[in-house]
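These notes are about the structure you will find just below.
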Amino acid sequence: MAVDGRALWTISYGMFIVTARAGGKSNGQIANTVFQVTADPPRVAIAINKENLTHQLIREGGWFGVTVLDEATPMELIGLFGFKSGRDVDKLAQVGFREGQHIPLVTDHAVSVSEARVLQELDTGTHTLFVGEIVGAEMVVEAPPLTYAGYHARKGRAPKNAPTYQPEVKAELTPAPAATAPSYQCGVCGHVYVPADGDPEHGVPPGTPWENLPPDWVCPVCGAAKDAFSKA
């Protein structure tokens, strides 16, 4: 039986920010693989790509934090933690967070936060599965959490280091009428700029053609410049 990637996409996931600290360096990243493995004592497991800075900090520091994101989480926050590297950007300087016992916990758009001490790790190939014992957890707000399916419904795309990443496969589309302005897709995060929709949240009204976007306009998800886009 062949492997149909669409079958794997039907597995349910959430959307989380995993944080870590070691040697005075703190960082966080978007993760969709966080799950509880035992209730007493409470333990969770997370999957983190070996190339990510957060992976290095978890392994060196021995602790990690988990923020469960709410449904209202803006794409900019997901872009900051999902498509930018902590080696280049101080992510925590751009968001609200509080100190846990050992590491920072992101509070912006948080449903809950928790902190765990690493007990075990399992090499799974591109990722390491860290198992940790929860030492502290609390609700921040009573709100529905953001699901991975909900994120994708908002045109979200898995970063290349995510466990669920699959290369983009462009479907064959019916050619649009000549009068329809073409859409453009970000080569970094996959966000599609549709002229009919514009980008009202950033001052671009619906109906604005690509050519009329301000020169300093950037991708609302990952912050990439216009030259990172190509015709969809």
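Chain lettering (A, B, ...) mirrors the order of the structure tokens, residue numbering begins at 1 for each chain separately, and ligand numbering begins at 1 in order of display.
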*chain A: which residues are helix (DSSP H, G or I) by DSSP, as a VMD selection string?*
chain A and resid 5 to 9 53 to 61 75 to 82 91 to 94 148 to 153 200 to 202 210 to 212 226 to 228
*If you count only C-alpha atoms, which residues fall within 7 Å of segment 131-137 of chain A, apart from same-chain ones fewer than 5 positions away, as a list of chain:residue names?*
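With the cut-off at 7 Å, the set is A:Pro42, A:Arg43, A:Val44, A:Ala45, A:Ile46, A:Val113, A:Ser114, A:Glu115, A:Ala116, A:Arg117, A:Val118, A:Leu119, A:Gln120, A:Glu121.
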*Closest of A:Gly187, A:Pro206, A:Gly198, A:Gly125 to Ala225 of chain A - atom-to-atom distances counting only C-alpha atoms*: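 The shortest atom-to-atom distance to Ala225 of chain A comes from A:Gly187.
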*asked:* For Ala110 of chain A, find every residue with an atom within 12 Å (counting only C-alpha atoms), except residues of its own chain fewer than 2 positions away, and show them as a ChimeraX atom specification.
replied: /A:15-18,66-74,77,95-98,105-108,112-114,138-146
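With only C-alpha atoms as the atoms that count, the minimum distance from Cys219 of chain A to the choices A:Ala93, A:Leu80, A:Leu57, A:Cys186 is reached by A:Cys186.
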_Distance in Å - atom CA of Lys231 of chain A versus atom CA of Asp216 of chain A_ =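 These two atoms are separated by 18.4 Å.
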*Name the closest residue to Asp90 of chain A among the candidates A:Ser12, A:Ser26, A:Thr19, A:Asn49; distances are taken between atoms, counting only C-alpha atoms.*
A:Ser26
_Among listed residues A:Lys84, A:Lys50, A:Arg21, A:His152, nearest Cys222 of chain A (using only C-alpha atoms)_ =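 Checking each candidate against Cys222 of chain A, we get A:Lys84 as the closest.
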*Using only C-alpha atoms, find the one residue out of A:Arg6, A:Ala47, A:His202, A:Ala20 that sits nearest to His127 of chain A.*
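Ranking A:Arg6, A:Ala47, A:His202, A:Ala20 by distance to His127 of chain A, first place goes to A:Ala47.
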*Counting only C-alpha atoms, what is within 6 Å of Gly79 of chain A, bar same-chain residues fewer than 3 positions away, as a PyMOL selection string?*
chain A and resi 75-76+82-83+221-222
*atom CA of Val204 of chain A to atom CA of Val188 of chain A: how many Å, to one decimal?*
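We find that atom CA of Val204 of chain A and atom CA of Val188 of chain A lie 20.8 Å from each other.
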*Work out how far apart atom CA of Glu60 of chain A and atom CA of Gly100 of chain A are and give it in Å to one decimal.*
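So the answer is 17.4 Å.
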